Structures are given as structure tokens and as C-alpha cells.
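Trainee: Below is the file coords.cif, with mmCIF, C-alpha atoms and all ligand atoms.
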data_structure
loop_
_atom_site.label_atom_id
_atom_site.label_comp_id
_atom_site.auth_asym_id
_atom_site.auth_seq_id
_atom_site.Cartn_x
_atom_site.Cartn_y
_atom_site.Cartn_z
CA MET R 1 0.00 0.00 0.00
CA PRO R 2 1.49 3.42 -0.94
CA THR R 3 2.51 5.56 2.04
CA VAL R 4 -0.24 8.18 1.59
CA ALA R 5 -2.94 5.52 1.36
CA LYS R 6 -1.47 3.75 4.37
CA GLU R 7 -1.45 6.96 6.42
CA LEU R 8 -5.05 7.63 5.46
CA ALA R 9 -6.10 4.11 6.41
CA GLU R 10 -4.33 4.40 9.77
CA LYS R 11 -5.86 7.79 10.50
CA VAL R 12 -9.36 6.58 9.63
CA GLN R 13 -8.80 3.48 11.73
CA SER R 14 -7.79 5.55 14.73
CA VAL R 15 -10.89 7.74 14.36
CA LEU R 16 -13.08 4.63 14.14
CA THR R 17 -11.40 3.09 17.17
CA GLY R 18 -11.95 6.33 19.09
CA TYR R 19 -15.67 5.82 18.56
CA ASP R 20 -15.56 2.05 19.23
CA ASN R 21 -16.66 1.40 15.64
CA ASP R 22 -20.10 2.64 16.71
CA LYS R 23 -22.27 3.17 13.64
CA GLY R 24 -24.47 5.50 15.71
CA MET R 25 -21.53 7.89 15.70
CA LEU R 26 -21.25 8.01 11.91
CA VAL R 27 -21.68 11.79 11.66
CA SER R 28 -19.02 12.44 14.32
CA ILE R 29 -16.67 9.98 12.61
CA LEU R 30 -17.10 11.75 9.27
CA GLN R 31 -16.63 15.16 10.93
CA ASP R 32 -13.35 14.01 12.48
CA ILE R 33 -12.07 12.67 9.15
CA GLN R 34 -13.14 15.89 7.46
CA ALA R 35 -11.31 17.92 10.14
CA GLU R 36 -8.15 16.01 9.28
CA TYR R 37 -8.31 16.23 5.48
CA ASN R 38 -10.69 19.15 4.82
CA TYR R 39 -12.83 16.73 2.85
CA LEU R 40 -13.85 13.09 2.83
CA PRO R 41 -11.64 11.01 0.54
CA ARG R 42 -13.46 8.16 -1.19
CA GLU R 43 -11.08 5.59 0.31
CA ALA R 44 -11.96 6.85 3.79
CA LEU R 45 -15.68 6.45 3.14
CA GLU R 46 -15.11 2.92 1.86
CA GLN R 47 -13.14 2.06 4.98
CA VAL R 48 -15.82 3.54 7.25
CA SER R 49 -18.51 1.60 5.39
CA GLU R 50 -16.60 -1.65 5.75
CA ARG R 51 -15.68 -1.25 9.41
CA LEU R 52 -19.14 -0.15 10.49
CA CYS R 53 -20.83 -2.80 8.32
CA THR R 54 -22.89 0.03 6.84
CA PRO R 55 -23.70 0.25 3.11
CA LEU R 56 -21.46 2.70 1.27
CA SER R 57 -24.59 4.36 -0.14
CA GLN R 58 -25.72 5.16 3.40
CA VAL R 59 -22.32 6.62 4.30
CA TYR R 60 -22.51 8.76 1.15
CA SER R 61 -26.01 9.94 1.89
CA VAL R 62 -24.89 11.19 5.33
CA ALA R 63 -21.78 12.77 3.80
CA THR R 64 -23.83 14.65 1.23
CA PHE R 65 -26.62 15.66 3.63
CA PHE R 66 -24.46 17.84 5.88
CA LYS R 67 -23.24 21.03 4.27
CA ALA R 68 -20.15 21.04 6.51
CA LEU R 69 -19.01 17.74 4.98
CA SER R 70 -17.47 17.69 1.55
CA LEU R 71 -16.70 14.96 -0.95
CA VAL R 72 -14.25 17.15 -2.84
CA PRO R 73 -11.04 18.73 -1.53
CA ARG R 74 -11.61 22.07 0.14
CA GLY R 75 -9.34 24.96 0.87
CA ARG R 76 -7.61 25.55 4.18
CA HIS R 77 -9.64 28.75 4.48
CA LEU R 78 -13.37 28.96 3.90
CA ILE R 79 -14.71 32.28 2.59
CA ASN R 80 -18.43 32.93 2.83
CA VAL R 81 -19.82 35.98 1.06
CA CYS R 82 -23.28 36.89 2.32
CA LEU R 83 -25.76 37.46 -0.49
CA GLY R 84 -28.79 38.02 1.75
CA THR R 85 -31.03 40.95 0.87
CA ALA R 86 -29.40 43.53 3.14
CA CYS R 87 -25.90 42.66 1.93
CA HIS R 88 -27.08 42.35 -1.67
CA VAL R 89 -28.45 45.89 -1.82
CA ARG R 90 -25.18 47.20 -0.41
CA GLY R 91 -23.01 45.68 -3.09
CA ALA R 92 -22.31 42.11 -2.00
CA VAL R 93 -22.40 40.86 -5.59
CA ARG R 94 -19.57 43.20 -6.56
CA VAL R 95 -17.56 41.97 -3.56
CA LEU R 96 -18.20 38.38 -4.63
CA GLU R 97 -17.18 39.12 -8.23
CA THR R 98 -13.97 40.73 -7.00
CA MET R 99 -13.22 37.68 -4.86
CA GLU R 100 -13.87 35.40 -7.82
CA ARG R 101 -11.58 37.45 -10.03
CA ASP R 102 -8.77 37.75 -7.46
CA LEU R 103 -8.89 34.03 -6.63
CA ASP R 104 -9.59 33.01 -10.22
CA ILE R 105 -12.38 30.67 -9.15
CA LYS R 106 -16.17 30.77 -9.10
CA SER R 107 -18.37 30.56 -6.05
CA GLY R 108 -18.49 26.96 -4.85
CA GLU R 109 -14.95 26.26 -6.04
CA THR R 110 -11.57 25.82 -4.39
CA THR R 111 -8.29 27.33 -5.53
CA PRO R 112 -5.92 24.77 -7.11
CA ASP R 113 -3.41 25.31 -4.27
CA LEU R 114 -6.18 24.35 -1.81
CA LYS R 115 -5.77 27.64 0.01
CA PHE R 116 -9.31 29.04 -0.32
CA THR R 117 -12.80 27.71 -0.85
CA LEU R 118 -15.30 30.38 -1.87
CA GLU R 119 -18.98 30.04 -1.00
CA THR R 120 -22.03 32.21 -0.57
CA VAL R 121 -24.60 32.28 2.23
CA ASN R 122 -27.96 33.95 2.68
CA CYS R 123 -27.94 36.22 5.73
CA VAL R 124 -25.75 35.46 8.69
CA GLY R 125 -27.70 37.72 11.03
CA ALA R 126 -25.30 40.65 10.87
CA CYS R 127 -27.25 42.73 8.34
CA ALA R 128 -26.29 46.05 9.96
CA LEU R 129 -22.67 45.26 9.06
CA GLY R 130 -23.41 44.43 5.42
CA PRO R 131 -21.98 43.58 3.07
CA VAL R 132 -20.52 40.83 5.24
CA VAL R 133 -17.75 38.40 4.37
CA ILE R 134 -16.78 35.63 6.77
CA VAL R 135 -13.42 33.90 6.55
CA ASP R 136 -12.88 30.91 8.84
CA GLY R 137 -15.56 32.27 11.15
CA GLU R 138 -14.12 35.79 11.30
CA TYR R 139 -16.55 38.53 10.24
CA TYR R 140 -15.55 41.38 7.95
CA GLY R 141 -18.25 44.04 7.79
CA GLN R 142 -18.88 46.93 5.40
CA MET R 143 -16.93 45.05 2.78
CA LYS R 144 -15.96 46.89 -0.35
CA THR R 145 -14.29 45.67 -3.49
CA ASP R 146 -11.10 47.57 -2.65
CA LYS R 147 -10.85 45.78 0.72
CA VAL R 148 -10.87 42.30 -0.78
CA LYS R 149 -7.11 42.06 -1.39
CA ASP R 150 -6.32 43.15 2.18
CA VAL R 151 -8.70 40.60 3.66
CA LEU R 152 -7.28 37.78 1.54
CA ALA R 153 -3.73 38.82 2.49
CA ASN R 154 -4.51 37.95 6.12
CA TYR R 155 -4.50 34.26 5.23
CA THR R 156 -1.56 32.06 4.33
S1 LIG S 201 -28.16 39.88 4.64
FE1 LIG S 201 -26.05 39.64 5.01
S2 LIG S 201 -25.99 39.48 7.14
FE2 LIG S 201 -28.09 39.64 6.76
#
Turn this file's structure into C-alpha cells for me.
Mentor:
Amino acid sequence: MPTVAKELAEKVQSVLTGYDNDKGMLVSILQDIQAEYNYLPREALEQVSERLCTPLSQVYSVATFFKALSLVPRGRHLINVCLGTACHVRGAVRVLETMERDLDIKSGETTPDLKFTLETVNCVGACALGPVVIVDGEYYGQMKTDKVKDVLANYT
């Protein structure tokens, strides 16, 4: 088994062992694997399915149900641009377009260097601060297109 695959298998095994191979803990198991790799590699899902004696289709349906879980590699930093009404009327779309241009990706995509994943949300309850951008849980209010570069520069 190649080293990377072996490391993955060992890591998944240790997560499973931590939960006593309890299929009732499937969501937590997937969250822990996601925390390690920023997404859920197919091999990991196969291993989870096998060890928990749970059909792979069921593991996939849980993995696709939760927005926080991803089947494709995600960036180290998650950017959410709020496109709720209050942010929208204050120019959130222009902020999003600037982000897309600077990162050279579209909303929903991840940069090839796996640094950023760009997504949109609909109202995060901070309308007075709009337009709002959230990076790794940190809120940036009154966002403008000319602030985008500075915000992105905070992340390595
Ligand atoms: S619409 Fe953006 S925070 Fe409410």
C-alpha cells in the first residue's frame, strides 16, 4: 500500500477506534475525518462503510446531507460571502465578483493550491454590518471591493 494511502487508512482506523466502531456515531466519525483532510476522501468512506458494516450508499447519503461535509477537496480557508437581501443591496455581488476574479475561481470552487474555498450564504444575522464576508468564522463588515485584497492577504 502506498505511504499516503497507508497513512489515510491508519488515521481513519484511529478515528473509528476512538468511537468504538459505533455506527451511531457516523456523523461524528465523518466530521473528524473531514477535520483532518478538509474533505472526505473516497477511500476513507469505503473504509468507514466496511468497518461499520454500513452500506457505502448510506455513508454517502450522510456525507452529502451535511453542508459542513465535503466529498471534494476544500481549501484551508473557507470564505463565505453573504448574499442576503441587506448585503445584496449594499453591493455584495460586486464583492463576490472581486473575490472570484482575485482568486480566479467561481463561487463553490476551491483554488488549485487548496488555500481558499469560496462560497455564498444567505444572511448570517449581521445585516447592519453588510456587506458581510466571513473567513474561517471571522466577520468582515462593510466590505468593499477595494478591501478584498487586504482581507485575503490575512491568510496564508
Ligand atoms: S443579509 Fe447579510 S448578514 Fe443579513
Trainee: Got a sec: who's within 12 Å of Arg42 in chain R, counting all atoms listed in the file, leaving out chain neighbours fewer than 2 positions off, as a list in words?
Mentor: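 The residues satisfying every condition are Ala5, Leu8, Ala9, Val12, Leu30, Ile33, Gln34, Tyr37, Tyr39, Leu40, Ala44, Leu45, Glu46, Gln47, Val48, Ser49, Leu56, Ser57, Val59, Tyr60, Ala63, Ser70, Leu71, Val72 and Pro73 of chain R.
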Trainee: Padding of 3 Å on every side, edges along x, y and z, all listed atoms of ligand LIG 201 (chain S) included: what centre and edge lengths in Å, to one decimal, does that box have, as JSON?
Mentor:
{"center_x": -27.1, "center_y": 39.7, "center_z": 5.9, "size_x": 8.2, "size_y": 6.4, "size_z": 8.5}
Trainee: Do you know which residues are at most 12 Å from Glu138 in chain R counting only C-alpha atoms, after dropping those on the same chain fewer than 3 positions away, and could you put them as JSON, numbers by chain?
Mentor: {"R": [77, 78, 79, 80, 81, 124, 132, 133, 134, 135, 141, 151, 154, 155]}
Trainee: Need to verify the contact set: Thr110 in chain R, 8 Å, all atoms listed in the file, exclusion of same-chain residues closer than 6 positions in sequence. Can you return it as number ranges by chain?
Mentor: R: 73-75, 116-118
Trainee: Could you list, as a list in words, all residues that come within 7 Å of ligand LIG 201 (chain S)? Count all atoms listed in the file.
Mentor: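 The residues near ligand LIG 201 (chain S) are Cys82, Leu83, Gly84, Thr85, Ala86, Cys87, His88, Asn122, Cys123, Val124, Gly125, Ala126, Cys127, Leu129, Gly130, Pro131 and Val132 of chain R.
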Trainee: Would you work out the distance separating CA of Ser61 in chain R from CA of Asp22 in chain R, expressed in Å to one decimal?
Mentor: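 Calculated distance between CA of Ser61 in chain R and CA of Asp22 in chain R is 17.5 Å.
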Trainee: Record the distance separating CA of Arg76 in chain R and CA of Arg101 in chain R, expressed in Å with one decimal.
Mentor: 19.0 Å
Trainee: Would you mind reading off the distance between CA of Asp150 in chain R and CA of Leu69 in chain R, one decimal, in Å?
Mentor: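 Atom-to-atom, CA of Asp150 in chain R to CA of Leu69 in chain R, that is 28.5 Å.
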Trainee: Show me the residues close to (-17.3, 15.1, 13.4) - anything with an atom within 12 Å, counting all atoms listed in the file - and format the list as a ChimeraX atom specification.
Mentor: /R:15-16,18-19,25-36,38-40,62-63,66,68-69
Trainee: Using only C-alpha atoms for the distances, tell me which of R:Thr64, R:Thr145, R:Gln58, R:Thr111 is nearest to Arg90 in chain R.
Mentor: R:Thr145
Trainee: Let me make sure I understand: among R:Lys144, R:Thr54, R:Lys11, R:Lys106, which one has the smallest atom-to-atom distance to Pro41 in chain R if we use all atoms listed in the file?
Mentor: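 The answer is R:Lys11, which sits nearest to Pro41 in chain R.
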Trainee: Let me make sure I understand: among R:Lys67, R:Lys149, R:Lys6, R:Arg51, which one has the smallest atom-to-atom distance to Thr98 in chain R if we use all atoms listed in the file?
Mentor: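 Checking each of R:Lys67, R:Lys149, R:Lys6, R:Arg51 against Thr98 in chain R, counting all atoms listed in the file, the winner is R:Lys149.
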Trainee: Which residue, R:Thr3, R:Leu52, R:Glu43, R:Asp146, has the smallest gap to Asp20 in chain R when you use all atoms listed in the file?
Mentor: R:Leu52
